[in-house]
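All remarks here apply to the structure that follows.
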Amino acid sequence: MHCQAIQLVIMHAPSAVIRKSAYDAFNKVLAHIPSSLRFDILKALVKSSNSSSMIGILLDLVRREMLAEHSKRTSMDKIGLKSKANASKHPIFWDDGILDLVELVLKPPTGGPPCLPEYTDAVLAALNLYRFALISESSGNTNHTGVLSKEKLRKVLGEWFLPLRSLVTGITAENQTNSDQLASDMICSLNPLAFVLYRCIELVEERL
């Protein structure tokens, strides 16, 4: 309940200072939640949110949690502090729930690819989260999230990325024929998303 109330302030407060304070408060609330529950709460907030920008913020927080776990384990490995107990302990944010979370955005339960440009922020954050997981698992020779399995790679490519690429390509082509400012703004807003999407497709195809 506290998290949802703070989200409203983050998204709708008229002052940037207030929004920043609300964001800081949101992070403090999350920090007090046991790490074993934090992922489930963030996932529930993503599922219940109708705001693309808020979903983007939540997915970036998930990526930050993953990075923190990854950095901690890497540091322990380097200085030789990894005990047998820690070695067998599965990192909380590094499991196949990450792919489920990305799928909520890239292949919504309502069917079809996500709505663009309305959900550009959420889609870009989901792509960045996927790319981070894929690169990290590849470089660390791990597969906690299942992101490297051939079955998952084929699913991601065929069910998420290729339909999304068709959508982005279609929207871009349609707006390139228009010379008004709205069409130009739409193309500019999709450019970062397209860049990350094409990179994700390359990374997946390299592993198939």
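We name chains A, B, ... following the order of the structure tokens; residues begin at 1 in each chain, and ligands are numbered from 1 as shown.
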Leu67 (chain A) environment, 10 Å, only C-alpha atoms, sequence neighbours closer than 3 positions dropped, as a PyMOL selection string = chain A and resi 61-64+70-73+93-94+132-133+136
Distance query Gln176 (chain A) at most 12 Å, only C-alpha atoms, self and fewer than 6 positions along chain excluded, as an mmCIF file with C-alpha atoms, in the first residue's frame:
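File written: out_10.cif
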data_model
loop_
_atom_site.group_PDB
_atom_site.id
_atom_site.type_symbol
_atom_site.label_atom_id
_atom_site.label_comp_id
_atom_site.auth_asym_id
_atom_site.auth_seq_id
_atom_site.Cartn_x
_atom_site.Cartn_y
_atom_site.Cartn_z
ATOM 1 C CA THR A 169 9.558 -0.893 -38.429
ATOM 2 C CA GLY A 170 5.938 -0.342 -39.442
ATOM 3 C CA LEU A 182 4.335 14.772 -34.269
ATOM 4 C CA ALA A 183 5.648 12.186 -36.724
ATOM 5 C CA SER A 184 9.202 13.419 -36.226
ATOM 6 C CA ASP A 185 8.844 13.242 -32.435
ATOM 7 C CA MET A 186 7.483 9.695 -32.643
ATOM 8 C CA ILE A 187 10.418 8.504 -34.738
ATOM 9 C CA CYS A 188 12.875 10.140 -32.327
#
Using only C-alpha atoms, which residue out of A:Leu167, A:Leu208, A:Leu157, A:Ala68 lies closest to Gly112 (chain A)?
-> A:Leu167
Return as a PyMOL selection string the full set of residues in region 12-162 of chain A whose backbone-based DSSP assignment is helix (DSSP H, G or I).
-> chain A and resi 12+16-31+35-48+52-78+84-88+97-106+120-140+150-162
Just the residues within 9 Å of region 29-31 of chain A, please, counting only C-alpha atoms, with nothing from its chain fewer than 3 positions along; format it as a short mmCIF file (atom, residue, chain, number, x, y, z; two decimals) with C-alpha atoms, in the first residue's frame.
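For reference, part28.cif as written:
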data_model
loop_
_atom_site.label_atom_id
_atom_site.label_comp_id
_atom_site.auth_asym_id
_atom_site.auth_seq_id
_atom_site.Cartn_x
_atom_site.Cartn_y
_atom_site.Cartn_z
CA HIS A 2 2.80 2.43 0.91
CA CYS A 3 4.61 1.60 -2.35
CA ASP A 24 14.06 8.36 -2.73
CA ALA A 25 11.35 7.41 -0.23
CA PHE A 26 10.26 4.55 -2.51
CA PRO A 34 13.49 -8.51 3.01
CA SER A 35 15.35 -9.32 -0.17
CA ARG A 38 11.50 -7.72 -2.81
CA ILE A 41 6.70 -7.09 -4.66
CA LEU A 42 8.35 -5.38 -7.62
#
Using only C-alpha atoms, which residues sit within 9 Å of region 99-106 of chain A once same-chain residues fewer than 5 positions away are excluded, as JSON, numbers by chain?
-> {"A": [43, 46, 47, 55, 59, 112, 113, 114, 119, 122, 123, 125, 126, 127, 129, 130, 145, 146, 147, 152, 156, 159, 160, 161, 164]}
Output file for the residues above (N, CA and C atoms, as a tab-separated table (two decimals), in the first residue's frame):
chain	number	residue	atom	x	y	z
A	43	LYS	N	7.51	-7.27	-8.90
A	43	LYS	CA	6.76	-7.90	-9.99
A	43	LYS	C	5.27	-7.58	-9.87
A	46	VAL	N	4.68	-4.09	-11.03
A	46	VAL	CA	4.72	-4.00	-12.49
A	46	VAL	C	3.39	-4.47	-13.07
A	47	LYS	N	2.87	-5.58	-12.58
A	47	LYS	CA	1.62	-6.14	-13.10
A	47	LYS	C	0.43	-5.22	-12.85
A	55	ILE	N	6.41	1.59	-14.89
A	55	ILE	CA	6.90	0.23	-15.17
A	55	ILE	C	8.38	0.29	-15.52
A	59	LEU	N	11.31	-1.71	-13.50
A	59	LEU	CA	12.22	-2.65	-14.15
A	59	LEU	C	13.67	-2.23	-13.98
A	112	GLY	N	-0.45	-10.13	-28.35
A	112	GLY	CA	0.20	-9.24	-29.30
A	112	GLY	C	1.38	-8.50	-28.70
A	113	PRO	N	2.12	-7.77	-29.54
A	113	PRO	CA	3.22	-6.95	-29.03
A	113	PRO	C	2.67	-5.78	-28.22
A	114	PRO	N	3.50	-5.11	-27.45
A	114	PRO	CA	3.04	-3.98	-26.63
A	114	PRO	C	2.60	-2.80	-27.49
A	119	TYR	N	3.82	2.71	-24.72
A	119	TYR	CA	4.59	1.95	-23.73
A	119	TYR	C	6.09	1.92	-24.06
A	122	ALA	N	8.42	1.54	-20.90
A	122	ALA	CA	8.38	0.19	-20.32
A	122	ALA	C	9.11	-0.81	-21.21
A	123	VAL	N	8.89	-0.71	-22.52
A	123	VAL	CA	9.52	-1.65	-23.46
A	123	VAL	C	11.03	-1.46	-23.47
A	125	ALA	N	12.92	-0.34	-21.04
A	125	ALA	CA	13.45	-0.87	-19.78
A	125	ALA	C	13.46	-2.39	-19.79
A	126	ALA	N	12.43	-3.01	-20.36
A	126	ALA	CA	12.38	-4.48	-20.44
A	126	ALA	C	13.49	-5.02	-21.33
A	127	LEU	N	13.74	-4.35	-22.44
A	127	LEU	CA	14.83	-4.77	-23.34
A	127	LEU	C	16.18	-4.63	-22.66
A	129	LEU	N	16.75	-4.74	-19.47
A	129	LEU	CA	16.82	-5.77	-18.43
A	129	LEU	C	17.21	-7.11	-19.04
A	130	TYR	N	16.58	-7.45	-20.16
A	130	TYR	CA	16.91	-8.70	-20.84
A	130	TYR	C	18.35	-8.70	-21.31
A	145	THR	N	19.00	-17.56	-14.82
A	145	THR	CA	17.71	-17.08	-15.31
A	145	THR	C	17.13	-17.96	-16.41
A	146	GLY	N	17.93	-18.88	-16.93
A	146	GLY	CA	17.50	-19.69	-18.06
A	146	GLY	C	17.59	-18.97	-19.38
A	147	VAL	N	18.16	-17.77	-19.36
A	147	VAL	CA	18.19	-16.92	-20.55
A	147	VAL	C	19.02	-17.51	-21.68
A	152	LYS	N	14.56	-21.13	-24.68
A	152	LYS	CA	14.18	-19.77	-24.30
A	152	LYS	C	14.64	-18.76	-25.35
A	156	VAL	N	12.16	-16.23	-27.20
A	156	VAL	CA	12.37	-14.78	-27.11
A	156	VAL	C	12.44	-14.15	-28.50
A	159	GLU	N	8.78	-14.95	-30.42
A	159	GLU	CA	7.54	-14.46	-29.82
A	159	GLU	C	7.64	-13.04	-29.29
A	160	TRP	N	8.85	-12.56	-28.99
A	160	TRP	CA	9.01	-11.21	-28.44
A	160	TRP	C	9.63	-10.25	-29.44
A	161	PHE	N	10.85	-10.59	-29.86
A	161	PHE	CA	11.65	-9.61	-30.59
A	161	PHE	C	11.22	-9.40	-32.04
A	164	LEU	N	8.00	-7.48	-32.27
A	164	LEU	CA	8.26	-6.10	-31.86
A	164	LEU	C	9.01	-5.34	-32.95
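Distance check against Ala194 (chain A) using only C-alpha atoms: of A:Thr142, A:Thr177, A:Thr172, A:Ser75, the minimum falls on A:Thr172.
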Between CA of Arg154 (chain A) and CA of Glu137 (chain A) lies a distance of 16.9 Å
